[in-house]
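Student: What follows is query.cif, made up of mmCIF, C-alpha atoms and all ligand atoms:
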data_target
#
loop_
_atom_site.label_atom_id
_atom_site.label_comp_id
_atom_site.auth_asym_id
_atom_site.auth_seq_id
_atom_site.Cartn_x
_atom_site.Cartn_y
_atom_site.Cartn_z
CA MET H 1 162.29 139.61 114.57
CA ASP H 2 164.19 136.38 114.00
CA ASN H 3 167.94 135.95 114.07
CA GLN H 4 168.39 135.84 110.30
CA THR H 5 166.62 139.18 109.91
CA THR H 6 168.71 140.83 112.62
CA HIS H 7 171.89 139.44 111.11
CA TRP H 8 171.40 140.63 107.56
CA GLN H 9 170.37 144.09 108.69
CA HIS H 10 173.49 144.33 110.79
CA TRP H 11 175.61 144.56 107.60
CA VAL H 12 173.59 147.17 105.69
CA SER H 13 175.16 150.40 107.00
CA MET H 14 178.71 149.01 106.67
CA LEU H 15 178.08 147.79 103.13
CA GLU H 16 176.47 151.10 102.16
CA LYS H 17 179.57 152.99 103.29
CA GLU H 18 181.85 150.57 101.46
CA LEU H 19 179.80 150.80 98.27
CA ALA H 20 179.84 154.62 98.36
CA ALA H 21 183.61 154.65 98.92
CA GLU H 22 184.22 152.11 96.14
CA MET H 23 182.09 154.10 93.70
CA LEU H 24 184.01 157.29 94.50
CA LYS H 25 187.25 155.46 93.80
CA ALA H 26 186.09 153.81 90.57
CA PRO H 27 187.13 155.38 87.25
CA SER H 28 183.76 155.19 85.48
CA PRO H 29 180.81 154.73 87.90
CA SER H 30 177.83 153.25 86.06
CA GLU H 31 174.60 155.14 86.81
CA VAL H 32 172.41 152.15 85.99
CA HIS H 33 174.28 150.01 88.53
CA ALA H 34 174.26 152.58 91.33
CA LYS H 35 172.61 152.45 94.75
CA ASP H 36 169.01 152.60 93.53
CA HIS H 37 169.66 149.40 91.51
CA ILE H 38 171.27 147.78 94.56
CA LEU H 39 168.27 148.59 96.76
CA ARG H 40 165.76 147.14 94.28
CA VAL H 41 167.83 143.96 93.97
CA LEU H 42 168.18 143.81 97.76
CA LYS H 43 164.42 143.97 98.32
CA ARG H 44 163.82 141.12 95.87
CA CYS H 45 166.69 139.04 97.23
CA ILE H 46 165.52 139.28 100.83
CA ARG H 47 161.94 138.39 99.90
CA LEU H 48 163.06 135.44 97.77
CA GLY H 49 165.69 134.43 100.32
CA GLU H 50 163.12 134.26 103.11
CA LYS H 51 160.82 132.18 100.93
CA LEU H 52 163.56 129.80 99.77
CA ASP H 53 165.37 129.58 103.09
CA ALA H 54 168.61 131.10 101.81
CA ASP H 55 171.38 132.63 103.91
CA LEU H 56 170.34 136.28 104.10
CA GLU H 57 173.74 137.46 105.35
CA VAL H 58 175.38 135.98 102.26
CA LEU H 59 172.72 137.60 100.10
CA VAL H 60 172.96 141.09 101.56
CA ALA H 61 176.76 141.19 101.10
CA ALA H 62 176.54 139.73 97.58
CA VAL H 63 173.89 142.26 96.57
CA TYR H 64 175.82 145.32 97.73
CA LEU H 65 179.07 144.22 96.14
CA HIS H 66 177.99 142.36 92.98
CA ASP H 67 178.45 145.28 90.57
CA LEU H 68 181.70 146.77 91.92
CA GLY H 69 183.52 145.61 88.78
CA ARG H 70 180.91 147.31 86.59
CA HIS H 71 182.23 150.69 87.71
CA TYR H 72 185.63 149.76 86.26
CA ILE H 73 184.68 148.04 83.00
CA ASP H 74 181.72 148.52 80.66
CA ASP H 75 181.34 144.80 80.08
CA ILE H 76 178.63 142.27 80.85
CA SER H 77 181.43 139.97 82.06
CA HIS H 78 182.23 141.82 85.27
CA GLY H 79 181.40 139.19 87.90
CA ALA H 80 185.00 138.03 88.31
CA LEU H 81 186.28 141.59 88.69
CA SER H 82 183.49 142.39 91.17
CA ALA H 83 184.48 139.34 93.23
CA GLN H 84 188.11 140.42 93.17
CA LYS H 85 187.17 143.92 94.40
CA SER H 86 184.80 142.48 97.03
CA ALA H 87 187.25 140.23 98.87
CA PRO H 88 189.08 143.10 100.62
CA VAL H 89 185.74 144.74 101.48
CA LEU H 90 184.57 141.56 103.26
CA GLU H 91 187.89 141.52 105.11
CA ARG H 92 187.52 145.20 106.11
CA ILE H 93 184.03 144.83 107.54
CA ASN H 94 185.03 141.59 109.26
CA PHE H 95 182.36 139.57 107.49
CA PRO H 96 182.16 135.98 108.86
CA GLN H 97 185.08 134.07 107.34
CA GLU H 98 183.05 130.89 106.77
CA LYS H 99 180.52 132.75 104.59
CA ARG H 100 182.92 134.72 102.37
CA ASP H 101 183.33 132.04 99.71
CA ALA H 102 179.57 131.85 99.28
CA VAL H 103 179.36 135.63 98.85
CA LEU H 104 182.20 135.66 96.32
CA HIS H 105 180.71 132.73 94.40
CA ALA H 106 177.34 134.47 94.04
CA ILE H 107 179.08 137.65 92.85
CA ARG H 108 181.39 135.84 90.42
CA VAL H 109 178.55 134.03 88.61
CA HIS H 110 175.92 136.81 88.71
CA ASP H 111 176.55 138.04 85.16
CA VAL H 112 175.16 136.51 81.97
CA SER H 113 178.56 135.22 80.85
CA ALA H 114 178.41 132.46 83.49
CA ALA H 115 176.55 129.27 82.52
CA PRO H 116 173.41 128.44 84.56
CA GLN H 117 175.06 125.28 85.92
CA ASP H 118 177.86 127.44 87.35
CA ARG H 119 175.40 128.86 89.89
CA THR H 120 175.62 126.09 92.42
CA THR H 121 174.06 127.73 95.50
CA ILE H 122 170.57 129.02 96.17
CA GLU H 123 172.04 132.45 97.01
CA ALA H 124 173.78 132.63 93.59
CA LYS H 125 170.54 131.71 91.82
CA ILE H 126 168.53 134.25 93.79
CA LEU H 127 171.04 137.06 93.14
CA TYR H 128 171.16 136.25 89.43
CA ASP H 129 167.39 136.24 89.05
CA ALA H 130 166.73 139.29 91.27
CA ASP H 131 169.39 141.23 89.36
CA LYS H 132 167.94 140.32 85.97
CA ILE H 133 164.37 141.19 86.98
CA ASP H 134 165.68 144.73 87.39
CA THR H 135 166.16 144.88 83.60
CA LEU H 136 162.40 144.32 83.10
CA GLY H 137 159.26 146.39 83.72
CA VAL H 138 159.11 150.20 83.93
CA VAL H 139 162.48 150.34 85.66
CA GLY H 140 163.96 148.14 82.95
CA VAL H 141 162.70 150.53 80.26
CA LEU H 142 164.42 153.42 82.03
CA ARG H 143 167.66 151.45 82.46
CA TYR H 144 167.79 150.23 78.83
CA ILE H 145 167.11 153.72 77.55
CA ARG H 146 169.74 155.32 79.79
CA HIS H 147 172.32 152.71 78.93
CA PHE H 148 171.67 151.75 75.31
CA TYR H 149 169.25 154.07 73.49
CA GLY H 150 170.96 155.77 70.57
CA LYS H 151 173.97 153.49 70.96
CA LYS H 152 172.43 150.12 70.08
CA PRO H 153 169.57 149.19 67.72
CA ILE H 154 166.18 148.45 69.29
CA ASP H 155 166.43 144.84 68.10
CA PHE H 156 169.50 144.48 70.31
CA MET H 157 167.43 145.55 73.32
CA ILE H 158 164.54 143.22 72.43
CA ASP H 159 166.91 140.25 72.02
CA ASP H 160 168.68 141.11 75.25
CA ILE H 161 165.37 141.31 77.14
CA ASP H 162 164.35 137.89 75.78
CA ALA H 163 167.70 136.43 76.83
CA ARG H 164 167.30 137.84 80.38
CA TRP H 165 163.84 136.37 80.63
CA GLU H 166 164.83 132.98 79.25
CA GLY H 167 167.86 132.85 81.55
CA LEU H 168 165.86 133.16 84.80
CA THR H 169 166.55 130.09 86.89
CA LEU H 170 163.89 129.90 89.61
CA PRO H 171 160.16 129.30 89.00
CA GLU H 172 159.42 131.80 91.81
CA THR H 173 161.14 134.61 89.89
CA ARG H 174 159.36 133.78 86.64
CA ASN H 175 156.06 134.24 88.45
CA ILE H 176 157.17 137.55 89.90
CA ALA H 177 158.65 138.82 86.62
CA LEU H 178 156.07 137.77 84.01
CA ASN H 179 154.15 141.07 83.98
CA ASP H 180 157.36 143.09 83.88
CA TYR H 181 158.71 140.99 81.00
CA THR H 182 155.49 141.44 79.02
CA TYR H 183 155.49 145.18 79.71
CA ILE H 184 159.03 145.88 78.54
CA LYS H 185 158.81 143.55 75.54
CA ASP H 186 155.61 145.31 74.39
CA TYR H 187 157.19 148.71 75.01
CA PHE H 188 160.25 148.15 72.82
CA THR H 189 158.26 146.27 70.15
CA GLN H 190 155.88 149.24 69.92
CA LEU H 191 158.76 151.72 69.94
CA LYS H 192 160.41 149.88 67.05
CA LYS H 193 157.12 149.89 65.13
CA GLU H 194 156.53 153.63 65.66
CA LEU H 195 160.07 154.60 64.70
CA SER H 196 159.98 152.50 61.54
CA THR H 197 156.59 154.02 60.62
CA CYS H 198 158.19 157.48 60.79
CA ALA H 199 161.11 156.37 58.64
CA GLN H 200 158.71 154.87 56.05
CA PHE H 201 156.61 158.05 56.04
CA LEU H 202 159.66 160.15 55.32
CA SER H 203 160.92 157.90 52.52
CA HIS H 204 157.45 157.88 50.84
CA ALA H 205 157.27 161.67 51.11
CA ASN H 206 160.70 161.96 49.45
CA GLU H 207 159.64 159.58 46.64
CA GLU H 208 156.48 161.61 46.00
CA ASP H 209 158.52 164.78 45.95
CA ALA H 210 160.93 163.33 43.40
CA ARG H 211 158.11 162.52 40.96
FE FE O 301 176.18 142.99 87.29
FE FE O 302 173.34 144.31 89.18
#
Show this structure as structure tokens.
Ligand SMILES: [Fe+2]
Ligand SMILES: [Fe+2]
Tutor:
Amino acid sequence: MDNQTTHWQHWVSMLEKELAAEMLKAPSPSEVHAKDHILRVLKRCIRLGEKLDADLEVLVAAVYLHDLGRHYIDDISHGALSAQKSAPVLERINFPQEKRDAVLHAIRVHDVSAAPQDRTTIEAKILYDADKIDTLGVVGVLRYIRHFYGKKPIDFMIDDIDARWEGLTLPETRNIALNDYTYIKDYFTQLKKELSTCAQFLSHANEEDAR
């Protein structure tokens, strides 16, 4: 086991406790941004980070804390609030002072409201991409349905999925995510088709009945 690996793992149990405590404190914890989401993003970030020679300590802290603000506001622009909530956590766990700015930067620019050029470090790019991949594939279907189905039209979800895909920054993540993007895009396109077929069937039946 190399040093980097040992170092990032050192922070996991502390960050898990902090995340659990922060979620208990938060007024409206978001189910789709809870620990299972964090663990999927973590796995992708560590794999990508190893491949791209990123700072894994920065990544592990940024992953655990990136959605803290999301449990306070139901808004895609929650990176700044997450960073604000994360600073005291880094202080509490005594995270290396010289790495805190890098963690807070990655958190601040992880949401889609930040422009791609705002992500100036490899860790910020990895977190952004790994986080967005979690909106694709079978898990993405589950998350979109839990969060948006019945509240937003299907076209909104299809457009949002396209925007997530187009916004990916690293060629490595595009390779990893292509199948998941195709899967979820096909799923919602088919769902839209089937639901509109039902609506058409009903309106034809009503017309026939009126004759
Ligand atoms: Fe987020
Ligand atoms: Fe996230």
Student: Can you pull out the residues contacting Thr182 (chain H)? Cut-off 10 Å, using all atoms listed in the file, and skip same-chain residues under 6 positions away; I want them as number ranges by chain.
Tutor: H: 136-137, 165
Student: Hey, which of H:Ser113, H:Thr135, H:Ser28, H:Thr173 ends up closest to ligand FE 302 (chain O)? Count all atoms listed in the file.
Tutor: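 The closest residue to ligand FE 302 (chain O) is H:Thr135.
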Student: Quick one: everything within 8 Å of region 73-83 of chain H, counting all atoms listed in the file, minus sequence neighbours fewer than 3 positions away in the same chain. Send it as a list in words.
Tutor: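 The residues that qualify are Ser28, Leu65, His66, Asp67, Leu68, Gly69, Arg70, Ser86, Ala87, Leu104, His105, Ile107, Arg108, Val109, His110, Asp111, Val112 and Ser113 of chain H.
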Student: CA of Asp162 (chain H) and CA of Lys132 (chain H) are how many Å apart?
Tutor: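 One can read the CA of Asp162 (chain H) to CA of Lys132 (chain H) distance as 11.1 Å.
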Student: Emit as JSON the padded axis-aligned box for all listed atoms of region 57-72 of chain H, 8 Å per side, with centre and edge lengths in Å to one decimal.
Tutor:
{"center_x": 179.2, "center_y": 143.3, "center_z": 95.8, "size_x": 28.9, "size_y": 30.7, "size_z": 35.1}
Student: Can you pull out the residues contacting region 187-199 of chain H? Cut-off 10 Å, using all atoms listed in the file, and skip same-chain residues under 4 positions away; I want them as a PyMOL selection string.
Tutor: chain H and resi 137-138+141+144+153-155+157-158+161+181-183+203-205
Student: Based on the selection just made, write C-alpha atoms of those residues as a tab-separated table (two decimals), in the frame of the given file.
Tutor:
chain	number	residue	atom	x	y	z
H	137	GLY	CA	159.26	146.39	83.72
H	138	VAL	CA	159.11	150.20	83.93
H	141	VAL	CA	162.70	150.53	80.26
H	144	TYR	CA	167.79	150.23	78.83
H	153	PRO	CA	169.57	149.19	67.72
H	154	ILE	CA	166.18	148.45	69.29
H	155	ASP	CA	166.43	144.84	68.10
H	157	MET	CA	167.43	145.55	73.32
H	158	ILE	CA	164.54	143.22	72.43
H	161	ILE	CA	165.37	141.31	77.14
H	181	TYR	CA	158.71	140.99	81.00
H	182	THR	CA	155.49	141.44	79.02
H	183	TYR	CA	155.49	145.18	79.71
H	203	SER	CA	160.92	157.90	52.52
H	204	HIS	CA	157.45	157.88	50.84
H	205	ALA	CA	157.27	161.67	51.11
Student: When distances are computed from only C-alpha atoms and all ligand atoms, which of H:Ala210, H:Val103, H:Ala130, H:Ile184 shows the smallest separation from ligand FE 302 (chain O)?
Tutor: H:Ala130
Student: CA of Leu90 (chain H) and CA of Glu57 (chain H), how far apart in Å?
Tutor: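 It comes out at 11.8 Å.
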Student: For CA of His147 (chain H) and CA of Ser30 (chain H), determine how far apart the two atoms are, in Å to one decimal place.
Tutor: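 Pair CA of His147 (chain H) / CA of Ser30 (chain H) returns 9.0 Å.
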Student: Find the residue from H:Asp53, H:Ala114, H:Ala61, H:Leu202 that sits nearest to Tyr128 (chain H); use all atoms listed in the file when measuring.
Tutor: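 When distances to Tyr128 (chain H) are compared using all atoms listed in the file, the smallest one comes from H:Ala114.
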Student: Using all atoms listed in the file, pick whichever of H:Ala34, H:Ala124, H:Ala177, H:Leu170 has the shortest atom-to-atom distance to ligand FE 302 (chain O).
Tutor: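 Ranked by minimum distance to ligand FE 302 (chain O), first place goes to H:Ala34.
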Student: Could you check the closest approach to ligand FE 301 (chain O) for each of H:Leu59, H:Ala115, H:Ile176, H:Val32 and tell me which residue wins, using all atoms listed in the file?
Tutor: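 The answer is H:Val32, which sits nearest to ligand FE 301 (chain O).
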Student: So, with only C-alpha atoms and all ligand atoms as the atoms that count, which of H:His71, H:Lys51, H:Arg40, H:Arg119 lies closest to ligand FE 301 (chain O)?
Tutor: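 Closest to ligand FE 301 (chain O), using only C-alpha atoms and all ligand atoms: H:His71.
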